[in-house]
file protein29.cif (mmCIF, C-alpha atoms and all ligand atoms)
data_run
loop_
_atom_site.group_PDB
_atom_site.id
_atom_site.type_symbol
_atom_site.label_atom_id
_atom_site.label_comp_id
_atom_site.auth_asym_id
_atom_site.auth_seq_id
_atom_site.Cartn_x
_atom_site.Cartn_y
_atom_site.Cartn_z
ATOM 1 C CA MET A 1 32.065 24.399 0.139
ATOM 2 C CA SER A 2 31.967 21.183 -1.884
ATOM 3 C CA SER A 3 29.013 20.388 -4.123
ATOM 4 C CA ILE A 4 26.478 17.609 -3.651
ATOM 5 C CA LYS A 5 27.986 15.898 -6.687
ATOM 6 C CA GLU A 6 31.498 15.942 -5.236
ATOM 7 C CA ASN A 7 30.241 14.725 -1.879
ATOM 8 C CA VAL A 8 28.408 11.783 -3.424
ATOM 9 C CA ARG A 9 31.354 10.776 -5.597
ATOM 10 C CA CYS A 10 33.670 10.929 -2.627
ATOM 11 C CA ILE A 11 31.388 8.712 -0.517
ATOM 12 C CA LEU A 12 30.756 6.221 -3.336
ATOM 13 C CA ASN A 13 34.520 5.968 -3.845
ATOM 14 C CA GLU A 14 35.026 5.158 -0.208
ATOM 15 C CA LEU A 15 32.204 2.630 0.230
ATOM 16 C CA PRO A 16 32.919 -0.997 -0.650
ATOM 17 C CA PRO A 17 30.919 -2.049 -3.733
ATOM 18 C CA THR A 18 28.744 -4.369 -1.612
ATOM 19 C CA VAL A 19 27.432 -1.476 0.487
ATOM 20 C CA TYR A 20 24.232 0.383 -0.418
ATOM 21 C CA LEU A 21 24.158 4.133 0.050
ATOM 22 C CA VAL A 22 20.842 5.663 1.090
ATOM 23 C CA ALA A 23 20.813 9.439 0.647
ATOM 24 C CA ALA A 24 18.807 10.709 3.632
ATOM 25 C CA ALA A 25 16.915 13.566 2.030
ATOM 26 C CA LYS A 26 14.662 15.016 4.733
ATOM 27 C CA THR A 27 14.087 18.773 4.237
ATOM 28 C CA ARG A 28 15.975 18.758 0.890
ATOM 29 C CA MET A 29 14.554 20.164 -2.340
ATOM 30 C CA PRO A 30 13.895 17.877 -5.322
ATOM 31 C CA ILE A 31 16.636 19.744 -7.229
ATOM 32 C CA GLU A 32 19.182 18.767 -4.568
ATOM 33 C CA ILE A 33 18.004 15.165 -4.648
ATOM 34 C CA GLU A 34 18.322 15.140 -8.431
ATOM 35 C CA GLU A 35 21.906 16.350 -8.167
ATOM 36 C CA ALA A 36 22.695 13.446 -5.850
ATOM 37 C CA ILE A 37 21.077 11.016 -8.286
ATOM 38 C CA ASP A 38 23.081 12.491 -11.172
ATOM 39 C CA ALA A 39 26.236 11.775 -9.177
ATOM 40 C CA GLY A 40 25.315 8.121 -8.684
ATOM 41 C CA VAL A 41 22.903 7.856 -5.729
ATOM 42 C CA ARG A 42 20.464 5.006 -6.350
ATOM 43 C CA ILE A 43 18.395 5.082 -3.129
ATOM 44 C CA ILE A 44 16.660 8.065 -1.522
ATOM 45 C CA GLY A 45 15.646 7.885 2.144
ATOM 46 C CA GLU A 46 12.658 9.933 3.264
ATOM 47 C CA ASN A 47 11.318 10.520 6.792
ATOM 48 C CA TYR A 48 7.993 12.120 5.971
ATOM 49 C CA VAL A 49 5.357 10.706 3.640
ATOM 50 C CA GLN A 50 4.099 14.082 2.450
ATOM 51 C CA GLU A 51 7.585 15.384 1.690
ATOM 52 C CA ALA A 52 8.366 12.140 -0.117
ATOM 53 C CA GLU A 53 5.205 12.459 -2.172
ATOM 54 C CA GLU A 54 6.338 15.807 -3.553
ATOM 55 C CA ALA A 55 9.884 14.632 -4.233
ATOM 56 C CA HIS A 56 8.602 11.403 -5.785
ATOM 57 C CA LEU A 57 6.280 13.358 -8.054
ATOM 58 C CA ALA A 58 9.193 15.463 -9.293
ATOM 59 C CA ILE A 59 11.757 12.695 -9.577
ATOM 60 C CA GLY A 60 9.816 9.471 -10.042
ATOM 61 C CA ASN A 61 11.657 6.240 -10.414
ATOM 62 C CA LEU A 62 15.110 7.580 -11.244
ATOM 63 C CA ALA A 63 15.972 6.196 -7.821
ATOM 64 C CA GLN A 64 14.527 3.761 -5.297
ATOM 65 C CA TRP A 65 12.631 5.221 -2.352
ATOM 66 C CA HIS A 66 13.159 4.022 1.207
ATOM 67 C CA PHE A 67 11.048 5.179 4.111
ATOM 68 C CA ILE A 68 13.298 5.788 7.130
ATOM 69 C CA GLY A 69 11.085 7.840 9.464
ATOM 70 C CA HIS A 70 8.425 6.875 11.952
ATOM 71 C CA LEU A 71 5.434 5.573 10.005
ATOM 72 C CA GLN A 72 1.950 6.203 11.368
ATOM 73 C CA THR A 73 -0.711 3.690 10.384
ATOM 74 C CA ASN A 74 -2.865 6.378 8.783
ATOM 75 C CA LYS A 75 -0.021 7.173 6.354
ATOM 76 C CA VAL A 76 0.549 3.600 5.219
ATOM 77 C CA LYS A 77 -1.885 3.701 2.306
ATOM 78 C CA LYS A 78 0.030 6.572 0.691
ATOM 79 C CA ALA A 79 3.431 5.211 1.751
ATOM 80 C CA VAL A 80 3.010 1.861 0.015
ATOM 81 C CA GLU A 81 2.330 3.650 -3.264
ATOM 82 C CA ILE A 82 5.572 5.619 -3.093
ATOM 83 C CA PHE A 83 8.155 3.455 -1.385
ATOM 84 C CA ASP A 84 10.183 0.446 -2.482
ATOM 85 C CA MET A 85 11.232 -0.355 1.068
ATOM 86 C CA ILE A 86 10.077 0.594 4.555
ATOM 87 C CA GLU A 87 13.100 0.424 6.870
ATOM 88 C CA THR A 88 11.289 1.253 10.091
ATOM 89 C CA VAL A 89 8.731 -1.450 10.849
ATOM 90 C CA ASP A 90 8.498 -1.665 14.634
ATOM 91 C CA SER A 91 5.189 -3.332 15.406
ATOM 92 C CA LEU A 92 3.020 -6.151 14.113
ATOM 93 C CA GLU A 93 0.154 -3.694 13.826
ATOM 94 C CA LEU A 94 2.175 -1.592 11.366
ATOM 95 C CA ALA A 95 3.332 -4.665 9.438
ATOM 96 C CA CYS A 96 -0.275 -5.878 9.128
ATOM 97 C CA GLU A 97 -1.443 -2.492 7.858
ATOM 98 C CA ILE A 98 1.350 -2.510 5.243
ATOM 99 C CA ASP A 99 0.332 -6.047 4.273
ATOM 100 C CA LYS A 100 -3.327 -5.052 3.930
ATOM 101 C CA ARG A 101 -2.632 -1.925 1.865
ATOM 102 C CA CYS A 102 -0.154 -3.766 -0.363
ATOM 103 C CA LYS A 103 -2.717 -6.498 -1.049
ATOM 104 C CA GLN A 104 -5.070 -3.815 -2.330
ATOM 105 C CA ILE A 105 -2.554 -2.617 -4.916
ATOM 106 C CA GLY A 106 -0.955 -5.972 -5.720
ATOM 107 C CA LYS A 107 2.462 -5.165 -4.268
ATOM 108 C CA VAL A 108 4.881 -6.973 -1.974
ATOM 109 C CA MET A 109 6.712 -4.492 0.266
ATOM 110 C CA SER A 110 10.266 -5.076 1.333
ATOM 111 C CA VAL A 111 10.708 -4.082 4.965
ATOM 112 C CA LEU A 112 13.369 -3.905 7.633
ATOM 113 C CA ILE A 113 12.650 -4.144 11.335
ATOM 114 C CA GLU A 114 13.881 -1.085 13.229
ATOM 115 C CA VAL A 115 15.782 -2.163 16.309
ATOM 116 C CA ASN A 116 15.801 0.070 19.390
ATOM 117 C CA SER A 117 19.378 -1.003 20.022
ATOM 118 C CA GLY A 118 19.912 1.497 22.826
ATOM 119 C CA CYS A 119 16.817 0.189 24.638
ATOM 120 C CA GLU A 120 15.751 3.815 24.998
ATOM 121 C CA SER A 121 12.279 4.515 26.317
ATOM 122 C CA GLN A 122 10.135 6.776 24.100
ATOM 123 C CA LYS A 123 12.179 5.762 21.055
ATOM 124 C CA SER A 124 10.764 3.964 18.063
ATOM 125 C CA GLY A 125 12.053 0.538 17.224
ATOM 126 C CA VAL A 126 11.728 -2.919 18.709
ATOM 127 C CA LEU A 127 13.805 -3.978 21.699
ATOM 128 C CA PRO A 128 16.531 -6.446 20.672
ATOM 129 C CA GLU A 129 14.912 -9.332 22.568
ATOM 130 C CA ALA A 130 11.580 -8.767 20.797
ATOM 131 C CA VAL A 131 12.893 -8.788 17.216
ATOM 132 C CA ALA A 132 12.728 -12.567 16.682
ATOM 133 C CA SER A 133 9.040 -12.870 17.536
ATOM 134 C CA LEU A 134 8.159 -9.904 15.319
ATOM 135 C CA ALA A 135 10.202 -11.439 12.498
ATOM 136 C CA GLU A 136 8.286 -14.714 12.879
ATOM 137 C CA ALA A 137 4.967 -12.899 12.750
ATOM 138 C CA ILE A 138 5.971 -10.873 9.673
ATOM 139 C CA SER A 139 7.121 -14.075 8.013
ATOM 140 C CA ALA A 140 3.466 -15.132 7.816
ATOM 141 C CA LEU A 141 2.362 -12.006 5.902
ATOM 142 C CA SER A 142 2.198 -12.621 2.167
ATOM 143 C CA ASN A 143 2.508 -9.001 0.989
ATOM 144 C CA VAL A 144 5.370 -8.029 3.281
ATOM 145 C CA ARG A 145 8.863 -9.387 2.853
ATOM 146 C CA LEU A 146 11.321 -9.018 5.706
ATOM 147 C CA MET A 147 14.781 -8.289 4.300
ATOM 148 C CA GLY A 148 16.854 -7.247 7.285
ATOM 149 C CA LEU A 149 17.277 -4.837 10.172
ATOM 150 C CA MET A 150 17.819 -1.125 10.661
ATOM 151 C CA THR A 151 18.990 0.812 13.697
ATOM 152 C CA MET A 152 19.799 4.372 14.685
ATOM 153 C CA GLY A 153 21.243 3.918 18.172
ATOM 154 C CA PRO A 154 21.371 6.706 20.743
ATOM 155 C CA GLN A 155 22.330 10.026 19.128
ATOM 156 C CA VAL A 156 24.856 11.153 21.708
ATOM 157 C CA GLY A 157 28.633 11.310 21.795
ATOM 158 C CA GLY A 158 31.043 10.500 18.997
ATOM 159 C CA PRO A 159 31.117 7.667 16.452
ATOM 160 C CA GLU A 160 32.761 5.201 18.857
ATOM 161 C CA ASP A 161 29.822 5.573 21.229
ATOM 162 C CA SER A 162 27.605 4.018 18.552
ATOM 163 C CA ARG A 163 29.700 0.870 18.224
ATOM 164 C CA PRO A 164 28.057 -1.206 20.991
ATOM 165 C CA TYR A 165 24.619 -0.586 19.470
ATOM 166 C CA PHE A 166 25.786 -1.610 16.015
ATOM 167 C CA VAL A 167 27.356 -4.745 17.500
ATOM 168 C CA ALA A 168 24.120 -5.551 19.336
ATOM 169 C CA THR A 169 22.066 -5.091 16.161
ATOM 170 C CA ARG A 170 24.451 -7.271 14.161
ATOM 171 C CA ARG A 171 24.047 -9.973 16.797
ATOM 172 C CA VAL A 172 20.255 -9.888 16.474
ATOM 173 C CA PHE A 173 20.657 -9.991 12.691
ATOM 174 C CA GLU A 174 22.673 -13.222 12.914
ATOM 175 C CA GLU A 175 20.105 -14.657 15.303
ATOM 176 C CA ILE A 176 17.287 -14.051 12.800
ATOM 177 C CA VAL A 177 19.361 -15.525 9.957
ATOM 178 C CA LEU A 178 19.681 -18.751 11.947
ATOM 179 C CA LEU A 179 15.894 -19.018 12.315
ATOM 180 C CA HIS A 180 15.614 -19.687 8.536
ATOM 181 C CA LEU A 181 12.127 -18.205 8.470
ATOM 182 C CA PRO A 182 10.037 -18.739 5.340
ATOM 183 C CA ASN A 183 9.437 -15.621 3.228
ATOM 184 C CA VAL A 184 12.310 -13.874 5.013
ATOM 185 C CA GLU A 185 15.557 -12.956 3.278
ATOM 186 C CA MET A 186 18.028 -11.402 5.706
ATOM 187 C CA LYS A 187 20.020 -9.348 3.250
ATOM 188 C CA TYR A 188 20.311 -5.793 4.540
ATOM 189 C CA LEU A 189 21.778 -4.380 7.728
ATOM 190 C CA SER A 190 21.067 -0.642 7.663
ATOM 191 C CA MET A 191 23.173 1.237 10.220
ATOM 192 C CA GLY A 192 25.344 4.316 10.281
ATOM 193 C CA MET A 193 24.819 7.975 9.450
ATOM 194 C CA THR A 194 27.138 10.874 8.611
ATOM 195 C CA ASN A 195 29.206 10.707 11.761
ATOM 196 C CA SER A 196 29.003 6.969 12.416
ATOM 197 C CA TYR A 197 28.998 5.168 9.068
ATOM 198 C CA ARG A 198 32.652 4.098 9.236
ATOM 199 C CA VAL A 199 32.098 2.397 12.585
ATOM 200 C CA ALA A 200 28.892 0.855 11.231
ATOM 201 C CA LEU A 201 30.763 -0.600 8.248
ATOM 202 C CA GLU A 202 33.327 -2.120 10.590
ATOM 203 C CA GLU A 203 30.476 -3.770 12.475
ATOM 204 C CA GLY A 204 28.847 -5.275 9.414
ATOM 205 C CA ALA A 205 26.484 -2.681 7.972
ATOM 206 C CA ASN A 206 25.844 -3.093 4.243
ATOM 207 C CA MET A 207 23.464 -0.156 4.012
ATOM 208 C CA VAL A 208 24.346 3.313 5.323
ATOM 209 C CA ARG A 209 21.993 6.300 5.505
ATOM 210 C CA ILE A 210 23.831 9.558 4.923
ATOM 211 C CA GLY A 211 22.307 13.036 4.815
ATOM 212 C CA THR A 212 24.556 15.832 6.071
ATOM 213 C CA LEU A 213 27.726 14.591 4.394
ATOM 214 C CA ILE A 214 25.919 14.624 1.043
ATOM 215 C CA PHE A 215 23.683 17.675 1.270
ATOM 216 C CA GLY A 216 25.368 19.815 3.944
ATOM 217 C CA GLU A 217 23.997 20.894 7.306
ATOM 218 C CA ARG A 218 20.228 21.024 7.626
ATOM 219 C CA ASP A 219 18.720 24.430 8.463
HETATM 220 C C1 LIG A 301 18.425 12.122 9.054
HETATM 221 C C2 LIG A 301 18.618 10.664 9.115
HETATM 222 C C3 LIG A 301 19.809 10.065 8.684
HETATM 223 C C4 LIG A 301 21.003 10.849 8.178
HETATM 224 O O1 LIG A 301 21.526 11.674 9.169
HETATM 225 P P1 LIG A 301 22.849 12.537 8.875
HETATM 226 O O2 LIG A 301 23.452 12.701 10.222
HETATM 227 O O3 LIG A 301 22.380 13.824 8.288
HETATM 228 O O4 LIG A 301 23.699 11.762 7.956
HETATM 229 C C5 LIG A 301 19.897 8.685 8.740
HETATM 230 N N1 LIG A 301 18.889 7.929 9.200
HETATM 231 C C6 LIG A 301 17.739 8.467 9.634
HETATM 232 C C7 LIG A 301 16.665 7.570 10.120
HETATM 233 C C8 LIG A 301 17.579 9.846 9.605
HETATM 234 O O5 LIG A 301 16.418 10.367 10.051
#

call {"tool": "encode", "arguments": {"input": "protein29.cif", "output": "structure tokens", "more": "lines below"}}
Ligand SMILES: *Cc1c(COP(=O)(O)O)cnc(C)c1O
result
Amino acid sequence: MSSIKENVRCILNELPPTVYLVAAAKTRMPIEIEEAIDAGVRIIGENYVQEAEEAHLAIGNLAQWHFIGHLQTNKVKKAVEIFDMIETVDSLELACEIDKRCKQIGKVMSVLIEVNSGCESQKSGVLPEAVASLAEAISALSNVRLMGLMTMGPQVGGPEDSRPYFVATRRVFEEIVLLHLPNVEMKYLSMGMTNSYRVALEEGANMVRIGTLIFGERD
């Protein structure tokens, strides 16, 4: 079995220098996360605020912290203290809560809108046709800065099955760019995981979120 260090080096070698690697660290121990950071990981992705709090306490600002899970409004106060970016904003209500909590601590939070690119019911994320109006609304919030889009896509089939959803998300991304919204900087397109990141890169992702390929299978 290869080590976390070897896995990270291998991935960083493969990724073009313009692509950001987010190490998706759910269920991993701080010691594993530290090994990834030692090997060159600069961004840690966390799905759960409480888990992130413990890891953040142990590791601090050796890396940037991205929230990539589903964020409940009652966790926002804690989340804005820990995270440098929230990749999963999917409602104006959530964006407003982030704005309010960031005002209280004098912070401007970078966010991505999560796109429900598979238009799946019961899934988090905003439907592709609703992204523009949410982006416009977020544009008016002074302590939230929209910096791009994130998507998962349906988690079925092989990597090729993800391609249409990455293409659809890229299309929405370009649409938002053309709106030239104030206080919005469309810089990041976060798509692709362990089994789909190569397809995502082909479709324009410049941020990939990889867990299993770095840390091994989750228990
Ligand atoms: C777990 C997770 C990943 C990484 O998944 P792997 O298949 O382990 O690479 C990426 N993005 C999100 C939102 C995740 O929850």

call {"tool": "closest_residue", "arguments": {"input": "protein29.cif", "among": "A:Phe215, A:Tyr20, A:Phe83, A:Phe173", "to": "ligand LIG 301 (chain A)", "atoms": "only C-alpha atoms and all ligand atoms"}}
result
A:Phe215

call {"tool": "residues_around", "arguments": {"input": "protein29.cif", "residues": "Ser110 (chain A)", "least_positions_apart": "2", "cutoff": "10 Å", "atoms": "all atoms listed in the file", "output": "short mmCIF file (atom, residue, chain, number, x, y, z; two decimals) with C-alpha atoms, in the coordinates of the input"}}
result
data_model
loop_
_atom_site.label_atom_id
_atom_site.label_comp_id
_atom_site.auth_asym_id
_atom_site.auth_seq_id
_atom_site.Cartn_x
_atom_site.Cartn_y
_atom_site.Cartn_z
CA HIS A 66 13.16 4.02 1.21
CA PHE A 83 8.15 3.46 -1.38
CA ASP A 84 10.18 0.45 -2.48
CA MET A 85 11.23 -0.36 1.07
CA ILE A 86 10.08 0.59 4.56
CA GLU A 87 13.10 0.42 6.87
CA LYS A 107 2.46 -5.16 -4.27
CA VAL A 108 4.88 -6.97 -1.97
CA LEU A 112 13.37 -3.90 7.63
CA ASN A 143 2.51 -9.00 0.99
CA VAL A 144 5.37 -8.03 3.28
CA ARG A 145 8.86 -9.39 2.85
CA LEU A 146 11.32 -9.02 5.71
CA MET A 147 14.78 -8.29 4.30
CA GLY A 148 16.85 -7.25 7.28
CA VAL A 184 12.31 -13.87 5.01
CA GLU A 185 15.56 -12.96 3.28
#

call {"tool": "axis_aligned_box", "arguments": {"input": "protein29.cif", "around": "ligand LIG 301 (chain A)", "padding_each_side": "5 Å", "output": "AutoDock Vina command-line options"}}
result
--center_x 20.1 --center_y 10.7 --center_z 9.1 --size_x 17.3 --size_y 16.3 --size_z 12.3

call {"tool": "residues_around", "arguments": {"input": "protein29.cif", "residues": "Pro17 (chain A)", "least_positions_apart": "6", "cutoff": "12 Å", "atoms": "only C-alpha atoms", "output": "ChimeraX atom specification"}}
result
/A:11,206-207

call {"tool": "write_last_selection", "arguments": {"input": "protein29.cif", "atoms": "C-alpha atoms", "output": "CSV table (one decimal), keeping the file's coordinate frame"}}
result
chain,number,residue,atom,x,y,z
A,11,ILE,CA,31.4,8.7,-0.5
A,206,ASN,CA,25.8,-3.1,4.2
A,207,MET,CA,23.5,-0.2,4.0

call {"tool": "residues_around", "arguments": {"input": "protein29.cif", "residues": "region 162-168 of chain A", "least_positions_apart": "6", "cutoff": "7 Å", "atoms": "only C-alpha atoms", "output": "list in words"}}
result
Ser117, Gly118, Gly153, Met191, Ser196, Val199, Ala200 and Glu203 of chain A

call {"tool": "residues_near_ligand", "arguments": {"input": "protein29.cif", "ligand": "ligand LIG 301 (chain A)", "cutoff": "10 Å", "atoms": "all atoms listed in the file", "output": "number ranges by chain"}}
result
A: 22-27, 45-48, 67-70, 87-88, 114, 150-153, 155, 190-197, 208-218

call {"tool": "closest_residue", "arguments": {"input": "protein29.cif", "among": "A:Val115, A:Ile138, A:Leu201, A:Leu127", "to": "Glu14 (chain A)", "atoms": "all atoms listed in the file"}}
result
A:Leu201

call {"tool": "closest_residue", "arguments": {"input": "protein29.cif", "among": "A:Ile82, A:Cys96, A:Ala205, A:Ile31", "to": "Pro16 (chain A)", "atoms": "all atoms listed in the file"}}
result
A:Ala205

call {"tool": "decode", "arguments": {"input": "protein29.cif", "residues": "region 143-157 of chain A", "atoms": "N, CA and C atoms", "output": "PDB file, in the first residue's frame"}}
result
ATOM      1  N   ASN A 143     -20.151  40.939   3.295  1.00  0.00           N
ATOM      2  CA  ASN A 143     -19.195  40.071   3.977  1.00  0.00           C
ATOM      3  C   ASN A 143     -19.138  38.654   3.403  1.00  0.00           C
ATOM      4  N   VAL A 144     -19.695  38.521   2.204  1.00  0.00           N
ATOM      5  CA  VAL A 144     -19.595  37.256   1.466  1.00  0.00           C
ATOM      6  C   VAL A 144     -19.104  37.594   0.067  1.00  0.00           C
ATOM      7  N   ARG A 145     -18.104  36.833  -0.385  1.00  0.00           N
ATOM      8  CA  ARG A 145     -17.588  37.079  -1.723  1.00  0.00           C
ATOM      9  C   ARG A 145     -17.710  35.818  -2.571  1.00  0.00           C
ATOM     10  N   LEU A 146     -18.558  35.887  -3.576  1.00  0.00           N
ATOM     11  CA  LEU A 146     -18.735  34.743  -4.469  1.00  0.00           C
ATOM     12  C   LEU A 146     -17.518  34.599  -5.380  1.00  0.00           C
ATOM     13  N   MET A 147     -16.935  33.404  -5.377  1.00  0.00           N
ATOM     14  CA  MET A 147     -15.697  33.174  -6.138  1.00  0.00           C
ATOM     15  C   MET A 147     -15.784  32.001  -7.096  1.00  0.00           C
ATOM     16  N   GLY A 148     -16.984  31.464  -7.314  1.00  0.00           N
ATOM     17  CA  GLY A 148     -17.084  30.388  -8.284  1.00  0.00           C
ATOM     18  C   GLY A 148     -18.180  29.397  -7.955  1.00  0.00           C
ATOM     19  N   LEU A 149     -18.078  28.228  -8.567  1.00  0.00           N
ATOM     20  CA  LEU A 149     -19.089  27.182  -8.419  1.00  0.00           C
ATOM     21  C   LEU A 149     -18.445  25.855  -8.034  1.00  0.00           C
ATOM     22  N   MET A 150     -19.265  25.029  -7.398  1.00  0.00           N
ATOM     23  CA  MET A 150     -18.852  23.673  -7.024  1.00  0.00           C
ATOM     24  C   MET A 150     -19.974  22.723  -7.424  1.00  0.00           C
ATOM     25  N   THR A 151     -19.614  21.518  -7.839  1.00  0.00           N
ATOM     26  CA  THR A 151     -20.652  20.498  -8.032  1.00  0.00           C
ATOM     27  C   THR A 151     -20.117  19.120  -7.687  1.00  0.00           C
ATOM     28  N   MET A 152     -21.030  18.250  -7.324  1.00  0.00           N
ATOM     29  CA  MET A 152     -20.720  16.830  -7.111  1.00  0.00           C
ATOM     30  C   MET A 152     -21.175  16.046  -8.340  1.00  0.00           C
ATOM     31  N   GLY A 153     -22.414  16.216  -8.734  1.00  0.00           N
ATOM     32  CA  GLY A 153     -23.010  15.385  -9.779  1.00  0.00           C
ATOM     33  C   GLY A 153     -23.470  14.070  -9.176  1.00  0.00           C
ATOM     34  N   PRO A 154     -24.350  13.382  -9.876  1.00  0.00           N
ATOM     35  CA  PRO A 154     -24.857  12.095  -9.368  1.00  0.00           C
ATOM     36  C   PRO A 154     -23.716  11.111  -9.156  1.00  0.00           C
ATOM     37  N   GLN A 155     -23.735  10.405  -8.018  1.00  0.00           N
ATOM     38  CA  GLN A 155     -22.650   9.477  -7.689  1.00  0.00           C
ATOM     39  C   GLN A 155     -23.005   8.063  -8.145  1.00  0.00           C
ATOM     40  N   VAL A 156     -23.180   7.904  -9.420  1.00  0.00           N
ATOM     41  CA  VAL A 156     -23.452   6.572  -9.973  1.00  0.00           C
ATOM     42  C   VAL A 156     -22.628   6.383 -11.239  1.00  0.00           C
ATOM     43  N   GLY A 157     -22.294   5.152 -11.533  1.00  0.00           N
ATOM     44  CA  GLY A 157     -21.586   4.827 -12.762  1.00  0.00           C
ATOM     45  C   GLY A 157     -20.113   5.167 -12.702  1.00  0.00           C
TER      46      GLY A 157
END
